[in-house]
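Trainee: One file: data_1.txt (compact mmCIF, C-alpha atoms and all ligand atoms).
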```txt
# COMPACT_ATOMS: atom_id res chain seq x y z
CA MET C 1 -88.18 26.20 19.76
CA ILE C 2 -86.76 24.07 22.58
CA ARG C 3 -82.99 23.82 22.27
CA ALA C 4 -82.08 20.26 23.32
CA ALA C 5 -78.82 18.55 24.25
CA VAL C 6 -78.15 14.85 24.87
CA ILE C 7 -75.39 13.39 27.04
CA GLY C 8 -74.75 9.71 26.29
CA GLY C 9 -75.83 9.96 22.66
CA SER C 10 -73.99 6.85 21.47
CA GLY C 11 -76.18 4.42 23.46
CA TYR C 12 -79.49 2.88 22.39
CA ILE C 13 -81.59 5.38 24.33
CA GLY C 14 -79.37 8.24 23.16
CA GLY C 15 -79.91 7.16 19.54
CA GLU C 16 -83.66 6.89 20.02
CA LEU C 17 -83.75 10.32 21.68
CA LEU C 18 -81.94 11.81 18.69
CA ARG C 19 -84.32 10.13 16.22
CA LEU C 20 -87.45 11.35 18.04
CA LEU C 21 -86.09 14.82 18.83
CA TRP C 22 -85.07 15.23 15.18
CA MET C 23 -88.71 14.68 14.12
CA HIS C 24 -90.17 16.85 16.91
CA PRO C 25 -91.64 20.06 15.44
CA GLU C 26 -90.69 22.23 18.45
CA VAL C 27 -87.13 21.00 19.05
CA GLU C 28 -83.72 21.86 17.69
CA ILE C 29 -80.85 19.53 18.65
CA MET C 30 -77.94 21.70 19.76
CA ALA C 31 -75.43 19.11 20.98
CA VAL C 32 -74.91 15.40 21.54
CA THR C 33 -72.02 13.87 23.44
CA SER C 34 -70.00 10.72 23.22
CA ARG C 35 -66.57 10.29 24.75
CA LYS C 36 -65.80 7.28 22.57
CA TYR C 37 -66.91 8.86 19.29
CA GLU C 38 -65.91 12.48 19.91
CA GLY C 39 -65.77 14.41 16.62
CA LYS C 40 -67.46 11.63 14.60
CA ARG C 41 -70.77 11.90 12.72
CA VAL C 42 -73.64 10.15 14.53
CA GLU C 43 -74.20 7.67 11.70
CA VAL C 44 -70.93 5.97 12.67
CA VAL C 45 -72.86 4.35 15.54
CA HIS C 46 -76.45 5.14 14.52
CA PRO C 47 -76.64 4.41 10.77
CA HIS C 48 -80.39 5.15 10.78
CA LEU C 49 -79.55 8.79 11.63
CA ARG C 50 -77.65 9.31 8.37
CA GLY C 51 -78.61 12.65 6.87
CA THR C 52 -79.23 14.45 10.16
CA GLY C 53 -75.81 16.11 10.01
CA LEU C 54 -75.37 15.59 13.77
CA ARG C 55 -71.88 15.11 15.16
CA PHE C 56 -70.72 13.94 18.59
CA SER C 57 -68.72 16.23 20.85
CA ARG C 58 -66.99 15.28 24.10
CA LYS C 59 -68.72 17.97 26.16
CA ILE C 60 -71.76 20.13 25.60
CA SER C 61 -71.03 23.69 24.57
CA GLY C 62 -73.32 26.51 23.46
CA ASP C 63 -76.82 27.35 24.66
CA TYR C 64 -79.63 24.90 25.32
CA ASP C 65 -82.81 24.74 27.43
CA MET C 66 -83.38 21.00 27.81
CA LEU C 67 -80.80 18.38 28.74
CA PHE C 68 -81.32 14.64 28.46
CA LEU C 69 -78.92 12.54 30.49
CA SER C 70 -78.77 9.09 28.95
CA VAL C 71 -75.91 7.48 30.83
CA PRO C 72 -75.74 4.36 33.04
CA HIS C 73 -77.03 4.51 36.61
CA GLY C 74 -74.37 5.70 39.02
CA GLU C 75 -72.92 8.03 36.35
CA SER C 76 -75.69 10.68 36.36
CA GLN C 77 -75.24 11.43 40.04
CA LYS C 78 -71.52 12.06 39.44
CA ILE C 79 -71.97 14.59 36.64
CA ILE C 80 -75.41 16.16 37.03
CA GLU C 81 -74.57 19.07 39.31
CA GLU C 82 -72.45 20.70 36.64
CA TYR C 83 -75.62 21.14 34.56
CA MET C 84 -78.18 22.05 37.22
CA GLY C 85 -79.19 25.68 37.22
CA SER C 86 -80.74 27.40 34.26
CA VAL C 87 -81.79 24.36 32.18
CA LYS C 88 -84.40 21.65 32.56
CA ILE C 89 -83.06 18.12 32.90
CA ILE C 90 -84.53 14.67 32.28
CA ASP C 91 -82.37 11.87 33.63
CA LEU C 92 -83.02 8.48 32.06
CA SER C 93 -80.96 6.54 34.59
CA ALA C 94 -82.22 5.18 37.91
CA ASP C 95 -80.27 7.73 39.97
CA PHE C 96 -83.13 10.05 40.93
CA ARG C 97 -86.17 7.78 40.65
CA LEU C 98 -86.20 6.51 44.22
CA PRO C 99 -85.96 7.72 47.81
CA GLN C 100 -82.41 7.19 49.13
CA ASP C 101 -83.21 4.13 51.28
CA VAL C 102 -84.92 2.29 48.42
CA TYR C 103 -82.19 3.31 45.95
CA GLU C 104 -79.46 2.03 48.23
CA LYS C 105 -81.25 -1.29 48.79
CA TYR C 106 -81.06 -2.02 45.07
CA TYR C 107 -78.12 0.01 43.71
CA GLY C 108 -75.70 0.69 46.58
CA THR C 109 -74.53 3.98 48.05
CA HIS C 110 -75.98 7.15 46.51
CA GLU C 111 -73.37 9.90 46.18
CA ARG C 112 -75.79 12.83 45.97
CA PRO C 113 -78.88 11.90 48.02
CA GLU C 114 -79.63 15.57 48.76
CA LEU C 115 -80.57 16.07 45.08
CA ILE C 116 -83.18 13.27 44.90
CA ASP C 117 -86.10 15.36 46.21
CA ARG C 118 -85.65 17.89 43.43
CA PHE C 119 -86.81 15.35 40.83
CA ALA C 120 -90.36 14.45 39.81
CA TYR C 121 -90.98 10.83 38.82
CA GLY C 122 -91.59 10.98 35.10
CA LEU C 123 -94.59 8.74 34.58
CA PRO C 124 -97.11 11.26 33.16
CA GLU C 125 -100.14 9.00 33.68
CA LEU C 126 -99.51 9.18 37.47
CA HIS C 127 -97.61 12.46 38.01
CA ARG C 128 -98.69 14.85 35.25
CA GLU C 129 -99.20 17.96 37.40
CA GLU C 130 -95.87 17.53 39.22
CA ILE C 131 -94.01 17.04 35.94
CA LYS C 132 -95.53 20.23 34.47
CA LYS C 133 -93.99 22.24 37.32
CA ALA C 134 -90.68 20.35 37.51
CA ASP C 135 -87.27 21.50 36.35
CA TYR C 136 -85.85 18.02 36.91
CA VAL C 137 -87.49 14.74 36.01
CA ALA C 138 -86.36 11.16 36.63
CA ASN C 139 -87.60 9.03 33.75
CA PRO C 140 -88.90 5.59 34.87
CA GLY C 141 -87.31 2.24 34.06
CA CYS C 142 -88.74 0.28 31.13
CA ASN C 143 -89.81 -2.83 33.09
CA ALA C 144 -91.19 -0.58 35.82
CA THR C 145 -93.24 1.42 33.28
CA ALA C 146 -94.84 -1.75 31.88
CA VAL C 147 -95.66 -3.22 35.31
CA ILE C 148 -96.77 -0.01 37.03
CA LEU C 149 -99.22 0.95 34.27
CA ALA C 150 -100.83 -2.51 34.43
CA LEU C 151 -100.89 -2.72 38.23
CA TYR C 152 -101.81 0.85 39.18
CA PRO C 153 -105.62 0.55 38.74
CA PHE C 154 -105.57 -2.53 41.02
CA ARG C 155 -103.08 -1.41 43.66
CA ASP C 156 -105.65 -1.69 46.47
CA MET C 157 -106.45 -5.34 45.71
CA ALA C 158 -103.14 -6.77 44.43
CA ARG C 159 -101.26 -7.42 47.68
CA ASP C 160 -99.88 -10.78 46.51
CA ALA C 161 -98.99 -9.62 42.99
CA MET C 162 -95.99 -11.04 41.16
CA ALA C 163 -94.87 -10.43 37.59
CA ASP C 164 -93.15 -12.26 34.79
CA VAL C 165 -91.41 -9.80 32.47
CA LYS C 166 -89.98 -10.62 29.06
CA VAL C 167 -87.37 -8.21 27.79
CA SER C 168 -85.64 -7.53 24.49
CA SER C 169 -81.91 -7.30 23.89
CA SER C 170 -81.88 -3.48 23.50
CA ALA C 171 -83.11 -3.11 27.10
CA GLY C 172 -79.62 -3.99 28.31
CA GLY C 173 -77.92 -1.10 26.47
CA LYS C 174 -74.99 -1.24 24.08
CA LYS C 175 -72.26 -2.43 26.37
CA GLU C 176 -70.31 -5.40 25.11
CA ASN C 177 -70.68 -8.67 26.99
CA LEU C 178 -70.41 -12.34 26.17
CA MET C 179 -74.11 -13.04 26.81
CA GLY C 180 -75.03 -10.34 24.32
CA MET C 181 -73.18 -11.99 21.43
CA HIS C 182 -75.40 -13.25 18.61
CA ALA C 183 -74.57 -16.91 19.24
CA GLU C 184 -75.49 -16.57 22.92
CA ARG C 185 -78.39 -14.12 22.72
CA SER C 186 -80.41 -15.26 19.71
CA ASN C 187 -83.13 -17.92 20.18
CA VAL C 188 -83.07 -17.53 23.96
CA VAL C 189 -85.86 -17.66 26.48
CA ARG C 190 -83.52 -17.22 29.42
CA VAL C 191 -83.99 -16.23 33.04
CA TYR C 192 -82.12 -12.95 33.29
CA ARG C 193 -83.01 -12.33 36.93
CA ALA C 194 -85.16 -14.69 39.00
CA TRP C 195 -85.79 -12.28 41.88
CA LYS C 196 -84.86 -8.91 43.41
CA HIS C 197 -84.73 -7.03 40.11
CA ARG C 198 -83.96 -3.36 40.68
CA HIS C 199 -87.22 -2.11 39.19
CA GLU C 200 -89.16 -3.71 42.08
CA GLY C 201 -88.28 -0.61 44.10
CA GLU C 202 -89.96 1.73 41.61
CA ILE C 203 -93.04 -0.45 41.44
CA PHE C 204 -93.34 -0.47 45.24
CA VAL C 205 -92.87 3.29 45.59
CA GLN C 206 -95.41 4.04 42.84
CA THR C 207 -98.11 1.48 43.67
CA GLY C 208 -97.51 0.43 47.29
CA VAL C 209 -97.38 -3.18 46.08
CA ARG C 210 -94.32 -5.36 46.73
CA CYS C 211 -94.39 -7.13 43.39
CA PRO C 212 -91.51 -9.57 42.82
CA LEU C 213 -90.30 -9.64 39.23
CA THR C 214 -88.86 -12.55 37.28
CA ILE C 215 -87.17 -11.18 34.19
CA HIS C 216 -86.63 -13.28 31.06
CA SER C 217 -84.45 -12.35 28.11
CA VAL C 218 -86.26 -13.26 24.89
CA ASP C 219 -85.27 -13.16 21.26
CA ILE C 220 -86.58 -9.75 20.24
CA VAL C 221 -84.66 -6.51 19.67
CA ARG C 222 -87.24 -4.10 21.10
CA GLY C 223 -90.05 -4.50 23.60
CA VAL C 224 -91.01 -5.34 27.16
CA PHE C 225 -93.95 -7.60 27.95
CA ALA C 226 -95.20 -7.93 31.52
CA THR C 227 -97.65 -10.51 32.87
CA VAL C 228 -98.82 -9.69 36.40
CA TYR C 229 -100.63 -12.22 38.60
CA PHE C 230 -102.60 -11.77 41.83
CA HIS C 231 -105.58 -13.28 43.63
CA ALA C 232 -108.90 -11.45 44.05
CA ASP C 233 -112.63 -11.97 44.10
CA THR C 234 -113.71 -10.11 41.00
CA ASN C 235 -114.64 -10.69 37.36
CA GLU C 236 -113.29 -9.66 33.98
CA ILE C 237 -115.85 -6.93 33.39
CA SER C 238 -114.90 -5.22 36.68
CA LEU C 239 -111.22 -5.42 35.78
CA TYR C 240 -111.79 -3.70 32.45
CA ARG C 241 -114.13 -1.15 34.02
CA ARG C 242 -111.34 -0.11 36.41
CA MET C 243 -108.82 0.21 33.61
CA TYR C 244 -111.19 2.36 31.55
CA GLU C 245 -111.95 4.57 34.58
CA VAL C 246 -108.27 5.20 35.34
CA TYR C 247 -107.02 5.59 31.77
CA ARG C 248 -110.08 7.01 29.96
CA ASP C 249 -108.30 10.27 29.07
CA GLU C 250 -104.82 8.89 28.53
CA ILE C 251 -103.53 9.39 25.00
CA PHE C 252 -100.88 6.70 25.15
CA VAL C 253 -102.66 3.95 27.10
CA LYS C 254 -104.67 1.60 24.91
CA ILE C 255 -106.84 -1.06 26.50
CA VAL C 256 -106.96 -4.27 24.47
CA ARG C 257 -110.01 -6.49 24.76
CA GLU C 258 -110.83 -8.38 21.58
CA ARG C 259 -112.64 -11.63 20.96
CA ASN C 260 -111.49 -11.73 17.32
CA GLY C 261 -108.57 -10.49 15.27
CA ILE C 262 -104.87 -11.09 15.78
CA GLU C 263 -104.32 -9.04 18.95
CA ARG C 264 -106.73 -10.45 21.56
CA TYR C 265 -104.41 -9.61 24.43
CA PRO C 266 -101.63 -7.01 24.33
CA ASP C 267 -98.67 -7.95 22.17
CA VAL C 268 -95.28 -6.27 21.91
CA LYS C 269 -95.50 -6.68 18.13
CA TYR C 270 -98.24 -4.05 17.89
CA VAL C 271 -96.60 -1.29 19.95
CA ILE C 272 -93.11 -1.35 18.38
CA GLY C 273 -92.05 2.06 17.11
CA SER C 274 -94.63 3.95 19.20
CA ASN C 275 -95.13 5.60 22.57
CA TYR C 276 -98.19 3.47 23.31
CA VAL C 277 -98.69 0.95 26.07
CA HIS C 278 -101.23 -1.79 25.43
CA ILE C 279 -102.80 -3.26 28.56
CA GLY C 280 -105.35 -6.01 29.10
CA ALA C 281 -106.64 -8.48 31.68
CA THR C 282 -108.30 -11.82 32.23
CA TYR C 283 -109.78 -13.62 35.24
CA ASP C 284 -110.00 -17.27 36.23
CA ALA C 285 -112.85 -17.65 38.74
CA GLU C 286 -111.85 -21.16 39.81
CA SER C 287 -108.36 -20.13 40.96
CA ARG C 288 -109.46 -16.54 41.83
CA ARG C 289 -106.53 -15.39 39.72
CA VAL C 290 -106.31 -12.04 37.96
CA ILE C 291 -103.81 -11.89 35.10
CA LEU C 292 -102.78 -8.52 33.66
CA PHE C 293 -100.82 -7.95 30.46
CA SER C 294 -98.79 -4.95 29.41
CA ALA C 295 -96.71 -4.34 26.27
CA ILE C 296 -94.40 -1.41 25.46
CA ASP C 297 -91.51 -0.51 23.20
CA ASN C 298 -88.73 -0.25 25.81
CA LEU C 299 -86.85 2.41 23.86
CA ILE C 300 -89.95 4.63 23.39
CA LYS C 301 -92.65 4.40 26.11
CA GLY C 302 -90.01 2.70 28.26
CA GLY C 303 -87.38 5.38 27.59
CA ALA C 304 -86.92 8.10 24.95
CA GLY C 305 -90.61 8.57 24.02
CA GLN C 306 -91.68 8.88 27.62
CA ALA C 307 -88.84 11.40 28.15
CA ILE C 308 -90.21 13.50 25.26
CA GLN C 309 -93.75 13.18 26.69
CA ASN C 310 -92.27 14.61 29.92
CA MET C 311 -90.41 17.36 28.06
CA ASN C 312 -93.66 18.39 26.36
CA LEU C 313 -95.33 18.72 29.77
CA MET C 314 -92.38 20.66 31.24
CA PHE C 315 -92.53 23.17 28.36
CA GLY C 316 -96.33 23.52 28.27
CA LEU C 317 -96.71 21.78 24.90
CA ALA C 318 -99.48 19.32 24.03
CA GLU C 319 -98.35 16.04 25.59
CA ASP C 320 -98.28 14.16 22.30
CA THR C 321 -96.33 16.76 20.31
CA GLY C 322 -93.82 14.90 18.18
CA LEU C 323 -95.17 11.55 19.40
CA LYS C 324 -98.22 11.11 17.22
CA TYR C 325 -96.85 8.27 15.13
CA LEU C 326 -98.57 4.88 15.23
CA PRO C 327 -96.66 1.61 15.76
CA LEU C 328 -94.75 0.04 12.86
CA TYR C 329 -96.59 -2.83 11.21
CA PRO C 330 -95.56 -5.43 10.42
CA ALA C 331 -92.46 -5.19 12.61
N1 LIG V 401 -82.13 0.46 26.98
C1 LIG V 401 -83.33 0.65 27.48
O1 LIG V 401 -84.32 0.02 27.05
C2 LIG V 401 -83.54 1.66 28.59
C3 LIG V 401 -84.87 1.99 28.92
C4 LIG V 401 -85.08 2.94 29.94
C5 LIG V 401 -84.00 3.52 30.60
N2 LIG V 401 -82.74 3.16 30.25
C6 LIG V 401 -81.63 3.82 30.95
O2 LIG V 401 -81.13 4.86 30.09
C7 LIG V 401 -79.72 5.01 30.28
C8 LIG V 401 -79.05 4.77 28.92
O3 LIG V 401 -79.36 3.47 28.51
P1 LIG V 401 -78.79 2.81 27.17
O4 LIG V 401 -79.50 1.52 27.00
O5 LIG V 401 -78.77 3.80 26.08
O6 LIG V 401 -77.27 2.52 27.64
P2 LIG V 401 -75.99 2.36 26.74
O7 LIG V 401 -76.41 1.83 25.39
O8 LIG V 401 -75.02 1.57 27.54
O9 LIG V 401 -75.46 3.85 26.56
C9 LIG V 401 -75.04 4.65 27.61
C10 LIG V 401 -74.12 5.73 27.04
O10 LIG V 401 -73.70 6.59 28.10
C11 LIG V 401 -72.40 7.09 27.79
N3 LIG V 401 -71.71 7.27 29.08
C12 LIG V 401 -71.38 6.31 30.00
N4 LIG V 401 -70.83 6.88 31.08
C13 LIG V 401 -70.79 8.22 30.84
C14 LIG V 401 -70.29 9.34 31.57
N5 LIG V 401 -69.76 9.21 32.79
N6 LIG V 401 -70.40 10.58 31.02
C15 LIG V 401 -70.94 10.74 29.78
N7 LIG V 401 -71.42 9.70 29.04
C16 LIG V 401 -71.34 8.47 29.56
C17 LIG V 401 -71.72 6.07 26.88
O11 LIG V 401 -71.26 6.74 25.75
P3 LIG V 401 -69.71 7.08 25.45
O12 LIG V 401 -68.88 6.03 26.14
O13 LIG V 401 -69.62 7.04 23.97
O14 LIG V 401 -69.52 8.46 26.00
C18 LIG V 401 -72.85 5.13 26.45
O15 LIG V 401 -73.00 5.04 25.07
C19 LIG V 401 -79.31 3.98 31.34
O16 LIG V 401 -79.28 4.57 32.59
C20 LIG V 401 -80.43 2.94 31.26
O17 LIG V 401 -80.60 2.22 32.46
C21 LIG V 401 -82.47 2.24 29.26
```
Let me see the file written as structure tokens.
Ligand SMILES: NC(=O)c1ccc[n+]([C@@H]2O[C@H](COP(=O)([O-])OP(=O)(O)OC[C@H]3O[C@@H](n4cnc5c(N)ncnc54)[C@H](OP(=O)(O)O)[C@@H]3O)[C@@H](O)[C@H]2O)c1

Mentor:
Amino acid sequence: MIRAAVIGGSGYIGGELLRLLWMHPEVEIMAVTSRKYEGKRVEVVHPHLRGTGLRFSRKISGDYDMLFLSVPHGESQKIIEEYMGSVKIIDLSADFRLPQDVYEKYYGTHERPELIDRFAYGLPELHREEIKKADYVANPGCNATAVILALYPFRDMARDAMADVKVSSSAGGKKENLMGMHAERSNVVRVYRAWKHRHEGEIFVQTGVRCPLTIHSVDIVRGVFATVYFHADTNEISLYRRMYEVYRDEIFVKIVRERNGIERYPDVKYVIGSNYVHIGATYDAESRRVILFSAIDNLIKGGAGQAIQNMNLMFGLAEDTGLKYLPLYPA
């Protein structure tokens, strides 16, 4: 059994980690921290975890083999060294995803740049062999995961790519803010960031494409949907052929191409509750425009599920152990 511990267990990703780890057949949860809820049962903040018997502590104590750090960016780099040594670590923040110069362009000064090279980038579809050998993994951002998986097969032809990304409310974490209040957040289709979103750095490092992102907040609780545009001389069959070639053996990448039925292009609605990414494409010959689509559950393939996929690789388990559930429907 893998003995797991979670730091930052009171957040949305922390809660999702606990839910998925609880159901994982090879994992025992040894400890989960929250400073705010120290000593309290987890259902105080995660009512869906009632019955697990888990309780928050302020610090981790006891033995464990696998640590998930689920704290805001900037915080991991302050606390991580205390835990480096005999355990494997997956950091879900942005702190170790990027080379120092790219990190500092988007996030400001890095306090521990000498540690960055010790981390593998935790996107299994691109870095599986590195992750298998790694002790430390930096889990990708949710928007970055959606865009990179769509763009990667076309990275040689998508020089002028740009993406429109629609994000759910849970992608922003649990912190309280006025714009997150029900009266302000429900029914929105709002520009969250028009340009220079931080995940552009990850997309550039992973694909070589400088792909500007425009991020919209939309009225869903879970999910990220990316639409990527670029110009090329191609056709739809070639686009799909490339996607099939790159992702043929990938368990969690599903290519959507339907003429009938209710999901003709990827749709967030049909990935919710799962570790799957649905990708698809179309082509307009007149404008020479390729349009790619990508849908994920931000808390699973965009966060906790992908972290568990990485943990499975780090411990030599089948990659889909504990992740074999299909999406919820209807959701
Ligand atoms: N939400 C998503 O869709 C998503 C997807 C991918 C990656 N991520 C990343 O995953 C991380 C967690 O995201 P989230 O959405 O769960 O955020 P969140 O809801 O804001 O939760 C973060 C948790 O970290 C704890 N924390 C903060 N500073 C800490 C410190 N110095 N030491 C220990 N614990 C600390 C807080 O718990 P206490 O105050 O109770 O201790 C808080 O509940 C972030 O880096 C985020 O960018 C999020």

Trainee: Quick one: residues within 7 Å of ligand LIG 401 (chain V), with all atoms listed in the file, as a count of residues only?

Mentor: 35

Trainee: Skip Gly62 (chain C) itself and residues of its chain fewer than 5 positions away, then list as a VMD selection string all residues within 10 Å of it, counting all atoms listed in the file.

Mentor: chain C and resid 5 30 to 31

Trainee: Can you work out which one of C:Glu176, C:Asp164, C:Asp267, C:Glu258 has the shortest atom-to-atom distance to Ala194 (chain C), counting only C-alpha atoms?

Mentor: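 Ranking C:Glu176, C:Asp164, C:Asp267, C:Glu258 by distance to Ala194 (chain C), first place goes to C:Asp164.
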
Trainee: Taking 4 positions as the minimum chain separation for residues in the same chain, which residues sit within 12 Å of Gly316 (chain C) when counting only C-alpha atoms? Answer as a short mmCIF file (atom, residue, chain, number, x, y, z; two decimals) with C-alpha atoms, keeping the file's coordinate frame.

Mentor:
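This went into result-v3.cif:
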```
data_model
loop_
_atom_site.label_atom_id
_atom_site.label_comp_id
_atom_site.auth_asym_id
_atom_site.auth_seq_id
_atom_site.Cartn_x
_atom_site.Cartn_y
_atom_site.Cartn_z
CA ILE C 2 -86.76 24.07 22.58
CA GLU C 26 -90.69 22.23 18.45
CA ARG C 128 -98.69 14.85 35.25
CA GLU C 129 -99.20 17.96 37.40
CA ILE C 131 -94.01 17.04 35.94
CA LYS C 132 -95.53 20.23 34.47
CA LYS C 133 -93.99 22.24 37.32
CA ALA C 134 -90.68 20.35 37.51
CA GLN C 309 -93.75 13.18 26.69
CA ASN C 310 -92.27 14.61 29.92
CA MET C 311 -90.41 17.36 28.06
CA ASN C 312 -93.66 18.39 26.36
CA ASP C 320 -98.28 14.16 22.30
CA THR C 321 -96.33 16.76 20.31
#
```

Trainee: I need the residue nearest Ile203 (chain C) from this list: C:Leu239, C:Leu151, C:Ala158, C:Val246. Use all atoms listed in the file for the distance.

Mentor: C:Leu151

Trainee: By how many Å are CA of Gly74 (chain C) and CA of Ile89 (chain C) apart?

Mentor: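 Computed distance, CA of Gly74 (chain C) to CA of Ile89 (chain C), equals 16.3 Å.
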
Trainee: Residues within 12 Å of Phe154 (chain C), please, as a PyMOL selection string. Count only C-alpha atoms; anything in the same chain fewer than 3 positions from it doesn't count.

Mentor: chain C and resi 147-151+157-161+207-209+228-232+234+238-243+245-246+281+290-292

Trainee: I'd like the interatomic distance between CA of Leu54 (chain C) and CA of Glu38 (chain C), to a tenth of an Å.

Mentor: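 The value is 11.7 Å.
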
Trainee: Counting only C-alpha atoms, figure out which residue out of C:Met1, C:Leu49, C:Leu328, C:Ala318 gets nearest to Leu20 (chain C).

Mentor: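 Checking each candidate against Leu20 (chain C), we get C:Leu49 as the closest.
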
Trainee: Can you work out the spacing between CA of Arg118 (chain C) and CA of Leu98 (chain C) in Å, to one decimal?

Mentor: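 Computing it gives 11.4 Å between the two atoms.
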
Trainee: Between C:Val27, C:Met314, C:Val102, C:Val205, single out the one closest to Tyr152 (chain C), counting all atoms listed in the file.

Mentor: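 Of C:Val27, C:Met314, C:Val102, C:Val205, the one nearest Tyr152 (chain C) is C:Val205, counting all atoms listed in the file.
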
Trainee: Counting all atoms listed in the file, find residues at most 12 Å from (-92.9, 3.5, 30.4) (file frame) and give them as a PyMOL selection string.

Mentor: chain C and resi 92+121-126+138-150+199+202-203+223-226+252-253+274-278+294-310

Trainee: Which residue, C:Glu286, C:Asp249, C:Glu263, C:Glu16, has the smallest gap to Val45 (chain C) when you use all atoms listed in the file?

Mentor: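 Once distances to Val45 (chain C) are computed over all atoms listed in the file, the minimum belongs to C:Glu16.
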
Trainee: Smallest atom-to-atom distance to Leu115 (chain C): which of C:Gln206, C:Ser86, C:Gln77, C:Asn235, using all atoms listed in the file?

Mentor: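 Among C:Gln206, C:Ser86, C:Gln77, C:Asn235, it is C:Gln77 that comes nearest to Leu115 (chain C).
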
Trainee: Taking (-86.4, -11.1, 25.3) in the coordinates of the supplied file, I want to know which residues reach to within 9 Å of it, counting all atoms listed in the file; could you give the answer as a list of chain:residue names?

Mentor: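 Taken together, the residues in range are C:Val165, C:Lys166, C:Val167, C:Ser168, C:Ser169, C:Ala171, C:Arg185, C:Val188, C:Val189, C:Arg190, C:Ile215, C:His216, C:Ser217, C:Val218, C:Asp219, C:Ile220, C:Val221, C:Arg222, C:Gly223, C:Val224, C:Phe225.
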